[in-house]
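Text of upload_11.pdb, listed as PDB, C-alpha atoms and all ligand atoms:
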ATOM      1  CA  MET A   1     -17.041 -21.241-158.728  1.00  0.00           C
ATOM      2  CA  PRO A   2     -17.385 -21.019-154.916  1.00  0.00           C
ATOM      3  CA  ASP A   3     -14.398 -20.202-152.751  1.00  0.00           C
ATOM      4  CA  TYR A   4     -13.073 -23.419-151.158  1.00  0.00           C
ATOM      5  CA  LYS A   5     -10.776 -23.701-148.146  1.00  0.00           C
ATOM      6  CA  LEU A   6      -9.810 -27.158-146.894  1.00  0.00           C
ATOM      7  CA  THR A   7      -8.162 -27.311-143.479  1.00  0.00           C
ATOM      8  CA  TYR A   8      -6.241 -30.477-142.655  1.00  0.00           C
ATOM      9  CA  PHE A   9      -2.941 -31.760-141.302  1.00  0.00           C
ATOM     10  CA  ASP A  10       0.193 -31.391-143.424  1.00  0.00           C
ATOM     11  CA  PHE A  11       0.780 -35.005-144.403  1.00  0.00           C
ATOM     12  CA  PRO A  12      -0.148 -37.011-147.486  1.00  0.00           C
ATOM     13  CA  GLY A  13      -2.673 -39.341-145.897  1.00  0.00           C
ATOM     14  CA  GLY A  14      -5.656 -39.716-143.610  1.00  0.00           C
ATOM     15  CA  ARG A  15      -9.050 -38.203-144.284  1.00  0.00           C
ATOM     16  CA  GLY A  16      -7.958 -34.953-145.902  1.00  0.00           C
ATOM     17  CA  GLU A  17      -5.609 -36.161-148.610  1.00  0.00           C
ATOM     18  CA  PRO A  18      -8.238 -37.885-150.814  1.00  0.00           C
ATOM     19  CA  ILE A  19     -10.218 -34.621-150.812  1.00  0.00           C
ATOM     20  CA  ARG A  20      -7.132 -32.656-151.884  1.00  0.00           C
ATOM     21  CA  ILE A  21      -6.498 -35.123-154.714  1.00  0.00           C
ATOM     22  CA  ALA A  22     -10.177 -34.996-155.744  1.00  0.00           C
ATOM     23  CA  PHE A  23     -10.064 -31.173-155.965  1.00  0.00           C
ATOM     24  CA  HIS A  24      -6.907 -31.454-158.016  1.00  0.00           C
ATOM     25  CA  ALA A  25      -8.240 -34.236-160.284  1.00  0.00           C
ATOM     26  CA  ALA A  26     -11.358 -32.151-160.848  1.00  0.00           C
ATOM     27  CA  GLY A  27      -9.330 -29.057-161.716  1.00  0.00           C
ATOM     28  CA  ILE A  28     -11.076 -27.107-158.949  1.00  0.00           C
ATOM     29  CA  ASP A  29      -9.017 -24.375-157.247  1.00  0.00           C
ATOM     30  CA  PHE A  30      -8.992 -24.530-153.467  1.00  0.00           C
ATOM     31  CA  ASN A  31      -7.110 -23.038-150.560  1.00  0.00           C
ATOM     32  CA  ASP A  32      -5.033 -25.982-149.290  1.00  0.00           C
ATOM     33  CA  HIS A  33      -4.814 -24.854-145.666  1.00  0.00           C
ATOM     34  CA  ARG A  34      -2.385 -27.188-143.871  1.00  0.00           C
ATOM     35  CA  ILE A  35      -2.022 -27.083-140.106  1.00  0.00           C
ATOM     36  CA  SER A  36       0.392 -28.606-137.638  1.00  0.00           C
ATOM     37  CA  PHE A  37      -0.923 -30.719-134.768  1.00  0.00           C
ATOM     38  CA  ASP A  38      -0.131 -27.814-132.393  1.00  0.00           C
ATOM     39  CA  GLU A  39      -2.207 -25.437-134.505  1.00  0.00           C
ATOM     40  CA  PHE A  40      -5.000 -28.030-134.500  1.00  0.00           C
ATOM     41  CA  LEU A  41      -4.923 -28.211-130.695  1.00  0.00           C
ATOM     42  CA  GLN A  42      -5.070 -24.418-130.486  1.00  0.00           C
ATOM     43  CA  THR A  43      -8.026 -24.080-132.868  1.00  0.00           C
ATOM     44  CA  ARG A  44     -10.038 -27.260-132.360  1.00  0.00           C
ATOM     45  CA  GLU A  45     -12.334 -25.599-129.795  1.00  0.00           C
ATOM     46  CA  HIS A  46     -13.656 -23.540-132.698  1.00  0.00           C
ATOM     47  CA  MET A  47     -14.204 -26.562-134.943  1.00  0.00           C
ATOM     48  CA  ARG A  48     -17.758 -27.913-134.925  1.00  0.00           C
ATOM     49  CA  PHE A  49     -16.909 -31.516-133.991  1.00  0.00           C
ATOM     50  CA  ARG A  50     -13.335 -30.779-132.787  1.00  0.00           C
ATOM     51  CA  CYS A  51     -12.046 -32.727-135.789  1.00  0.00           C
ATOM     52  CA  ALA A  52     -10.293 -32.202-139.100  1.00  0.00           C
ATOM     53  CA  PRO A  53     -10.780 -31.985-142.022  1.00  0.00           C
ATOM     54  CA  VAL A  54     -12.938 -28.880-142.206  1.00  0.00           C
ATOM     55  CA  LEU A  55     -14.126 -27.448-145.510  1.00  0.00           C
ATOM     56  CA  HIS A  56     -15.235 -23.833-145.880  1.00  0.00           C
ATOM     57  CA  ILE A  57     -17.404 -23.100-148.913  1.00  0.00           C
ATOM     58  CA  ASP A  58     -17.731 -19.344-149.365  1.00  0.00           C
ATOM     59  CA  GLY A  59     -16.940 -19.084-145.663  1.00  0.00           C
ATOM     60  CA  VAL A  60     -19.548 -21.633-144.552  1.00  0.00           C
ATOM     61  CA  GLU A  61     -18.067 -24.455-142.455  1.00  0.00           C
ATOM     62  CA  VAL A  62     -18.744 -28.094-143.373  1.00  0.00           C
ATOM     63  CA  THR A  63     -17.420 -31.236-141.666  1.00  0.00           C
ATOM     64  CA  GLN A  64     -17.270 -34.994-142.366  1.00  0.00           C
ATOM     65  CA  SER A  65     -14.670 -36.163-144.834  1.00  0.00           C
ATOM     66  CA  ASN A  66     -16.780 -38.619-146.823  1.00  0.00           C
ATOM     67  CA  ALA A  67     -19.532 -36.033-147.284  1.00  0.00           C
ATOM     68  CA  MET A  68     -16.865 -33.651-148.636  1.00  0.00           C
ATOM     69  CA  LEU A  69     -15.529 -36.333-150.982  1.00  0.00           C
ATOM     70  CA  ARG A  70     -19.002 -37.025-152.356  1.00  0.00           C
ATOM     71  CA  TYR A  71     -19.570 -33.298-152.801  1.00  0.00           C
ATOM     72  CA  VAL A  72     -16.341 -32.760-154.755  1.00  0.00           C
ATOM     73  CA  GLY A  73     -17.030 -35.997-156.626  1.00  0.00           C
ATOM     74  CA  ARG A  74     -20.465 -34.754-157.730  1.00  0.00           C
ATOM     75  CA  ARG A  75     -19.058 -31.403-158.819  1.00  0.00           C
ATOM     76  CA  ALA A  76     -16.320 -33.116-160.805  1.00  0.00           C
ATOM     77  CA  ASN A  77     -18.025 -36.193-162.256  1.00  0.00           C
ATOM     78  CA  LEU A  78     -15.987 -38.412-159.943  1.00  0.00           C
ATOM     79  CA  TYR A  79     -19.050 -39.899-158.220  1.00  0.00           C
ATOM     80  CA  PRO A  80     -21.574 -42.197-159.956  1.00  0.00           C
ATOM     81  CA  GLU A  81     -25.076 -41.056-160.798  1.00  0.00           C
ATOM     82  CA  ASP A  82     -26.355 -44.625-160.783  1.00  0.00           C
ATOM     83  CA  PRO A  83     -27.611 -45.368-157.235  1.00  0.00           C
ATOM     84  CA  THR A  84     -26.134 -48.876-157.112  1.00  0.00           C
ATOM     85  CA  GLN A  85     -22.698 -47.730-158.271  1.00  0.00           C
ATOM     86  CA  ALA A  86     -22.904 -44.841-155.787  1.00  0.00           C
ATOM     87  CA  LEU A  87     -23.718 -47.387-153.071  1.00  0.00           C
ATOM     88  CA  TYR A  88     -20.580 -49.362-154.017  1.00  0.00           C
ATOM     89  CA  CYS A  89     -18.527 -46.172-153.676  1.00  0.00           C
ATOM     90  CA  ASP A  90     -20.061 -45.381-150.310  1.00  0.00           C
ATOM     91  CA  GLU A  91     -19.429 -48.897-149.029  1.00  0.00           C
ATOM     92  CA  ALA A  92     -15.697 -48.620-149.769  1.00  0.00           C
ATOM     93  CA  MET A  93     -15.417 -45.084-148.387  1.00  0.00           C
ATOM     94  CA  GLU A  94     -17.207 -45.931-145.127  1.00  0.00           C
ATOM     95  CA  ALA A  95     -15.110 -49.103-144.750  1.00  0.00           C
ATOM     96  CA  VAL A  96     -11.900 -47.038-144.968  1.00  0.00           C
ATOM     97  CA  GLU A  97     -13.422 -44.663-142.429  1.00  0.00           C
ATOM     98  CA  ASP A  98     -14.070 -47.550-140.006  1.00  0.00           C
ATOM     99  CA  LEU A  99     -10.538 -48.839-140.559  1.00  0.00           C
ATOM    100  CA  LEU A 100      -9.093 -45.406-139.815  1.00  0.00           C
ATOM    101  CA  HIS A 101     -10.851 -45.424-136.448  1.00  0.00           C
ATOM    102  CA  GLN A 102      -9.212 -48.772-135.612  1.00  0.00           C
ATOM    103  CA  ILE A 103      -5.776 -47.504-136.678  1.00  0.00           C
ATOM    104  CA  VAL A 104      -6.135 -44.293-134.668  1.00  0.00           C
ATOM    105  CA  PHE A 105      -6.724 -46.345-131.479  1.00  0.00           C
ATOM    106  CA  THR A 106      -3.053 -47.388-131.748  1.00  0.00           C
ATOM    107  CA  PHE A 107      -1.682 -43.837-132.036  1.00  0.00           C
ATOM    108  CA  GLY A 108       0.181 -42.370-129.086  1.00  0.00           C
ATOM    109  CA  LEU A 109       1.332 -45.776-127.804  1.00  0.00           C
ATOM    110  CA  GLU A 110       5.015 -46.564-127.397  1.00  0.00           C
ATOM    111  CA  GLY A 111       7.365 -49.508-126.907  1.00  0.00           C
ATOM    112  CA  ASP A 112       5.835 -52.868-126.057  1.00  0.00           C
ATOM    113  CA  ALA A 113       2.337 -51.401-125.805  1.00  0.00           C
ATOM    114  CA  LEU A 114       2.581 -50.134-129.386  1.00  0.00           C
ATOM    115  CA  LYS A 115       4.024 -53.412-130.594  1.00  0.00           C
ATOM    116  CA  ALA A 116       1.225 -55.435-129.007  1.00  0.00           C
ATOM    117  CA  ALA A 117      -1.521 -53.099-130.206  1.00  0.00           C
ATOM    118  CA  ARG A 118      -0.206 -53.062-133.786  1.00  0.00           C
ATOM    119  CA  GLN A 119       0.173 -56.847-133.854  1.00  0.00           C
ATOM    120  CA  LYS A 120      -3.425 -57.176-132.691  1.00  0.00           C
ATOM    121  CA  LEU A 121      -4.458 -54.666-135.364  1.00  0.00           C
ATOM    122  CA  VAL A 122      -2.597 -56.548-138.110  1.00  0.00           C
ATOM    123  CA  ASP A 123      -4.063 -59.913-137.102  1.00  0.00           C
ATOM    124  CA  GLY A 124      -7.520 -58.494-136.540  1.00  0.00           C
ATOM    125  CA  TRP A 125      -9.104 -55.425-138.117  1.00  0.00           C
ATOM    126  CA  LEU A 126      -6.411 -54.795-140.706  1.00  0.00           C
ATOM    127  CA  THR A 127      -6.732 -58.330-142.046  1.00  0.00           C
ATOM    128  CA  ILE A 128     -10.512 -58.066-142.113  1.00  0.00           C
ATOM    129  CA  PHE A 129     -10.546 -54.676-143.847  1.00  0.00           C
ATOM    130  CA  VAL A 130      -7.793 -55.385-146.376  1.00  0.00           C
ATOM    131  CA  LYS A 131      -9.521 -58.614-147.409  1.00  0.00           C
ATOM    132  CA  GLY A 132     -12.912 -56.872-147.483  1.00  0.00           C
ATOM    133  CA  LEU A 133     -11.667 -53.972-149.603  1.00  0.00           C
ATOM    134  CA  GLY A 134     -10.101 -56.541-151.940  1.00  0.00           C
ATOM    135  CA  GLU A 135     -13.519 -58.209-152.299  1.00  0.00           C
ATOM    136  CA  ILE A 136     -15.130 -54.861-153.068  1.00  0.00           C
ATOM    137  CA  LEU A 137     -12.519 -54.198-155.745  1.00  0.00           C
ATOM    138  CA  GLU A 138     -13.012 -57.656-157.266  1.00  0.00           C
ATOM    139  CA  ARG A 139     -16.688 -56.819-157.682  1.00  0.00           C
ATOM    140  CA  GLY A 140     -15.821 -53.596-159.521  1.00  0.00           C
ATOM    141  CA  GLY A 141     -12.852 -54.827-161.557  1.00  0.00           C
ATOM    142  CA  ASP A 142     -10.117 -52.258-162.098  1.00  0.00           C
ATOM    143  CA  TYR A 143     -12.075 -49.627-160.156  1.00  0.00           C
ATOM    144  CA  ILE A 144     -14.253 -49.655-157.060  1.00  0.00           C
ATOM    145  CA  ALA A 145     -17.381 -48.705-159.000  1.00  0.00           C
ATOM    146  CA  ASP A 146     -18.786 -47.453-162.292  1.00  0.00           C
ATOM    147  CA  ASN A 147     -15.836 -48.872-164.298  1.00  0.00           C
ATOM    148  CA  ARG A 148     -13.927 -45.616-163.892  1.00  0.00           C
ATOM    149  CA  LEU A 149     -12.079 -43.423-161.427  1.00  0.00           C
ATOM    150  CA  THR A 150     -14.295 -42.218-158.593  1.00  0.00           C
ATOM    151  CA  VAL A 151     -13.621 -40.605-155.230  1.00  0.00           C
ATOM    152  CA  ALA A 152     -13.882 -44.083-153.661  1.00  0.00           C
ATOM    153  CA  ASP A 153     -10.726 -45.122-155.555  1.00  0.00           C
ATOM    154  CA  LEU A 154      -8.961 -42.050-154.177  1.00  0.00           C
ATOM    155  CA  LYS A 155      -9.953 -42.856-150.592  1.00  0.00           C
ATOM    156  CA  VAL A 156      -8.889 -46.502-150.934  1.00  0.00           C
ATOM    157  CA  TYR A 157      -5.696 -45.530-152.783  1.00  0.00           C
ATOM    158  CA  VAL A 158      -4.530 -43.098-150.084  1.00  0.00           C
ATOM    159  CA  GLN A 159      -5.072 -45.746-147.407  1.00  0.00           C
ATOM    160  CA  THR A 160      -3.461 -48.659-149.258  1.00  0.00           C
ATOM    161  CA  ARG A 161      -0.531 -46.439-150.275  1.00  0.00           C
ATOM    162  CA  SER A 162       0.014 -45.690-146.604  1.00  0.00           C
ATOM    163  CA  LEU A 163      -0.180 -49.382-145.655  1.00  0.00           C
ATOM    164  CA  ARG A 164       2.358 -50.269-148.313  1.00  0.00           C
ATOM    165  CA  SER A 165       4.748 -47.452-147.452  1.00  0.00           C
ATOM    166  CA  GLY A 166       5.746 -48.717-144.032  1.00  0.00           C
ATOM    167  CA  THR A 167       4.840 -45.472-142.234  1.00  0.00           C
ATOM    168  CA  LEU A 168       2.839 -47.433-139.662  1.00  0.00           C
ATOM    169  CA  ASP A 169       5.314 -49.030-137.261  1.00  0.00           C
ATOM    170  CA  GLN A 170       4.929 -52.819-136.906  1.00  0.00           C
ATOM    171  CA  VAL A 171       2.591 -53.077-139.883  1.00  0.00           C
ATOM    172  CA  PRO A 172       4.309 -55.217-142.550  1.00  0.00           C
ATOM    173  CA  THR A 173       4.437 -53.607-145.984  1.00  0.00           C
ATOM    174  CA  VAL A 174       3.660 -57.001-147.555  1.00  0.00           C
ATOM    175  CA  LEU A 175       0.164 -57.021-146.062  1.00  0.00           C
ATOM    176  CA  LEU A 176      -1.539 -56.095-149.340  1.00  0.00           C
ATOM    177  CA  VAL A 177       0.275 -58.649-151.440  1.00  0.00           C
ATOM    178  CA  ARG A 178      -0.362 -61.296-148.816  1.00  0.00           C
ATOM    179  CA  LEU A 179      -4.059 -60.613-148.261  1.00  0.00           C
ATOM    180  CA  ALA A 180      -5.404 -58.873-151.362  1.00  0.00           C
ATOM    181  CA  PRO A 181      -3.001 -58.625-154.329  1.00  0.00           C
ATOM    182  CA  ILE A 182      -5.757 -56.941-156.331  1.00  0.00           C
ATOM    183  CA  LEU A 183      -5.352 -53.909-154.042  1.00  0.00           C
ATOM    184  CA  LEU A 184      -1.666 -53.784-154.869  1.00  0.00           C
ATOM    185  CA  ALA A 185      -2.460 -53.635-158.595  1.00  0.00           C
ATOM    186  CA  HIS A 186      -4.961 -50.853-157.805  1.00  0.00           C
ATOM    187  CA  VAL A 187      -2.479 -48.778-155.794  1.00  0.00           C
ATOM    188  CA  ASP A 188       0.176 -49.210-158.509  1.00  0.00           C
ATOM    189  CA  ARG A 189      -2.212 -48.110-161.218  1.00  0.00           C
ATOM    190  CA  PHE A 190      -2.942 -44.848-159.402  1.00  0.00           C
ATOM    191  CA  ALA A 191       0.672 -44.303-158.469  1.00  0.00           C
ATOM    192  CA  ASN A 192       1.297 -43.994-162.224  1.00  0.00           C
ATOM    193  CA  ASP A 193      -1.806 -41.965-163.018  1.00  0.00           C
ATOM    194  CA  THR A 194      -0.959 -38.293-163.553  1.00  0.00           C
ATOM    195  CA  VAL A 195      -4.517 -37.252-162.671  1.00  0.00           C
ATOM    196  CA  VAL A 196      -3.826 -38.565-159.174  1.00  0.00           C
ATOM    197  CA  THR A 197      -0.089 -37.961-158.811  1.00  0.00           C
ATOM    198  CA  GLY A 198      -0.077 -34.578-160.591  1.00  0.00           C
ATOM    199  CA  PHE A 199      -1.068 -33.089-157.252  1.00  0.00           C
ATOM    200  CA  TYR A 200       2.497 -33.411-155.953  1.00  0.00           C
TER     201      TYR A 200
HETATM  202  N1  LIG A 301     -16.079 -38.439-139.021  1.00  0.00           N
HETATM  203  C1  LIG A 301     -15.031 -37.462-139.119  1.00  0.00           C
HETATM  204  C2  LIG A 301     -13.835 -37.911-138.310  1.00  0.00           C
HETATM  205  C3  LIG A 301     -12.756 -36.866-138.308  1.00  0.00           C
HETATM  206  C4  LIG A 301     -11.570 -37.245-137.456  1.00  0.00           C
HETATM  207  O1  LIG A 301     -11.609 -38.140-136.575  1.00  0.00           O
HETATM  208  N2  LIG A 301     -10.487 -36.515-137.702  1.00  0.00           N
HETATM  209  C5  LIG A 301      -9.222 -36.755-137.039  1.00  0.00           C
HETATM  210  C6  LIG A 301      -8.078 -36.520-137.982  1.00  0.00           C
HETATM  211  S1  LIG A 301      -8.053 -37.594-139.347  1.00  0.00           S
HETATM  212  C7  LIG A 301      -9.050 -35.801-135.941  1.00  0.00           C
HETATM  213  O2  LIG A 301      -9.382 -34.643-136.065  1.00  0.00           O
HETATM  214  N3  LIG A 301      -8.447 -36.300-134.893  1.00  0.00           N
HETATM  215  C8  LIG A 301      -8.031 -35.488-133.839  1.00  0.00           C
HETATM  216  C9  LIG A 301      -8.747 -35.760-132.582  1.00  0.00           C
HETATM  217  O3  LIG A 301      -9.798 -36.422-132.595  1.00  0.00           O
HETATM  218  O4  LIG A 301      -8.245 -35.264-131.584  1.00  0.00           O
HETATM  219  C10 LIG A 301     -14.662 -37.244-140.593  1.00  0.00           C
HETATM  220  O5  LIG A 301     -14.793 -38.200-141.366  1.00  0.00           O
HETATM  221  O6  LIG A 301     -14.274 -36.138-140.982  1.00  0.00           O
END
Let me see the structure of the file written as structure tokens.
Ligand SMILES: N[C@@H](CCC(=O)N[C@@H](CS)C(=O)NCC(=O)O)C(=O)O
Amino acid sequence: MPDYKLTYFDFPGGRGEPIRIAFHAAGIDFNDHRISFDEFLQTREHMRFRCAPVLHIDGVEVTQSNAMLRYVGRRANLYPEDPTQALYCDEAMEAVEDLLHQIVFTFGLEGDALKAARQKLVDGWLTIFVKGLGEILERGGDYIADNRLTVADLKVYVQTRSLRSGTLDQVPTVLLVRLAPILLAHVDRFANDTVVTGFY
């Protein structure tokens, strides 16, 4: 088995966490290298695209979180072989990626500016993406694709768990139940799945 080192921030969310859970679910050992934001600022000049996560495979650097997820998924049978089911996975994963970009635009704001930006986010992109991810899940049933756990479920789960947890100021925790209850059932199912939660 290659030597894996995943470098990402030390919090249970964002782009790195689904990859950590995928490694764990797959039973693949990896060096879970967690960095503070200060450490990130000090080292980012040496990162290819100045972004985290970064995966080293036998010392070779790789970037792009969804590419990493697909890679771990293929190694661990958590990514469909059927091209259409794989497409469904990719659609969900890229949608979460687009949503993350919209959320990140509101980071670093404070006071009234934060309040206004988050309200706009809730009424706009968050509503669109939560509804859209709900539609994707309705197509798949209990899972995003392939009638089973795939890395797409992990990516969606980490994001919906964050939305429900109230960690994003001004974003109501009832958003999922209001806009896409099917996503709430999905997040609950994984919250009780030891393959996913056994990581903690
Ligand atoms: N397309 C990249 C985006 C990576 C990205 O934007 N990472 C964020 C953290 S989740 C980052 O490093 N932000 C710090 C910054 O841009 O200064 C990926 O999917 O890995």
| A:Arg15, A:His24, A:Lys115, A:Arg161 ranked by distance to Met68 of chain A, top pick (using only C-alpha atoms) |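 Closest candidate: A:Arg15.
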| said: Here's the selection I'm unsure about, the PyMOL selection byres (((not hetatm)) within 6 of (chain A and resi 301)); applied to the file above, which residues does it give, as JSON, numbers by chain? | reply: {"A": [14, 15, 51, 52, 53, 63, 64, 65, 66]}
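Atom CA of Ala145 of chain A lies 9.4 Å from atom CA of Ala92 of chain A.
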| request: Run the PyMOL selection byres (((chain A and resi 31-38) around 9) and not hetatm) mentally over the shown coordinates, then write out the matched residues as a ChimeraX atom specification, using the chain letters and numbers from the document. | output: /A:3-11,20,29-30,39-43
| request: Could you tell me which residues the PyMOL selection byres (((chain A and resi 75) around 12) and not hetatm) grabs in this file, written as a PyMOL selection string? | output: chain A and resi 1-2+22-23+25-28+68-74+76-81+150-151
Residues from last step as file, C-alpha atoms, as a compact mmCIF listing (two decimals), in the frame of the given file:
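File written: again06.txt
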# COMPACT_ATOMS: atom_id res chain seq x y z
CA MET A 1 -17.04 -21.24 -158.73
CA PRO A 2 -17.39 -21.02 -154.92
CA ALA A 22 -10.18 -35.00 -155.74
CA PHE A 23 -10.06 -31.17 -155.96
CA ALA A 25 -8.24 -34.24 -160.28
CA ALA A 26 -11.36 -32.15 -160.85
CA GLY A 27 -9.33 -29.06 -161.72
CA ILE A 28 -11.08 -27.11 -158.95
CA MET A 68 -16.86 -33.65 -148.64
CA LEU A 69 -15.53 -36.33 -150.98
CA ARG A 70 -19.00 -37.02 -152.36
CA TYR A 71 -19.57 -33.30 -152.80
CA VAL A 72 -16.34 -32.76 -154.76
CA GLY A 73 -17.03 -36.00 -156.63
CA ARG A 74 -20.46 -34.75 -157.73
CA ALA A 76 -16.32 -33.12 -160.80
CA ASN A 77 -18.02 -36.19 -162.26
CA LEU A 78 -15.99 -38.41 -159.94
CA TYR A 79 -19.05 -39.90 -158.22
CA PRO A 80 -21.57 -42.20 -159.96
CA GLU A 81 -25.08 -41.06 -160.80
CA THR A 150 -14.30 -42.22 -158.59
CA VAL A 151 -13.62 -40.60 -155.23
| message | With all atoms listed in the file as the counted atoms, please give the residues lying no more than 12 Å from Leu168 of chain A, apart from itself and same-chain residues fewer than 5 positions off, as a list in words. | response | Gly13, Ile103, Val104, Thr106, Phe107, Leu114, Lys115, Ala117, Arg118, Gln119, Leu121, Val122, Leu126, Gln159, Thr160, Arg161, Ser162, Leu163, Thr173 and Leu175 of chain A
| task | Mind checking which residues fall within 12 Å of Asp123 of chain A, counting all atoms listed in the file, ignoring those fewer than 5 positions away in the same chain, and posting them as JSON, numbers by chain? | result | {"A": [116, 117, 118, 128, 129, 130, 131, 170, 171, 172, 175, 179]}
Within 9 Å of Asp90 of chain A using all atoms listed in the file, minus same-chain residues under 3 positions, as a CSV table (one decimal) with C-alpha atoms, in the coordinates of the input:
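Contents of part.csv, as written:
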chain,number,residue,atom,x,y,z
A,66,ASN,CA,-16.8,-38.6,-146.8
A,70,ARG,CA,-19.0,-37.0,-152.4
A,85,GLN,CA,-22.7,-47.7,-158.3
A,86,ALA,CA,-22.9,-44.8,-155.8
A,87,LEU,CA,-23.7,-47.4,-153.1
A,93,MET,CA,-15.4,-45.1,-148.4
A,94,GLU,CA,-17.2,-45.9,-145.1
A,95,ALA,CA,-15.1,-49.1,-144.8
A,152,ALA,CA,-13.9,-44.1,-153.7
| message | Would you compute the distance between atom CA of Asp169 of chain A and atom CA of Glu135 of chain A? Give it in Å to one decimal. | response |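 Calculated distance between atom CA of Asp169 of chain A and atom CA of Glu135 of chain A is 25.8 Å.
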Could you work out an axis-aligned box for segment 52-62 of chain A, taking every atom the file lists and adding 6 Å on each side, and report centre and edge lengths in Å to one decimal, as AutoDock Vina command-line options?
--center_x -14.9 --center_y -25.6 --center_z -144.2 --size_x 21.3 --size_y 25.1 --size_z 22.3
| remark: From the list A:Ile182, A:Arg189, A:Gly16, A:Val196, the nearest residue to Gly132 of chain A using only C-alpha atoms is A:Ile182
| Computed interatomic separation between atom CA of Lys120 of chain A and atom CA of Arg50 of chain A (Å) | 28.2 Å
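Distance check against Lys155 of chain A using all atoms listed in the file: of A:Leu176, A:Val62, A:Ile57, A:Ile21, the minimum falls on A:Ile21.
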| request: Go through A:Val195, A:Leu183, A:Val60, A:Ala67 one by one, measure the shortest atom-to-atom distance of each to Gly140 of chain A using only C-alpha atoms, and give the residue with the smallest value. | output: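 The shortest atom-to-atom distance to Gly140 of chain A comes from A:Leu183.
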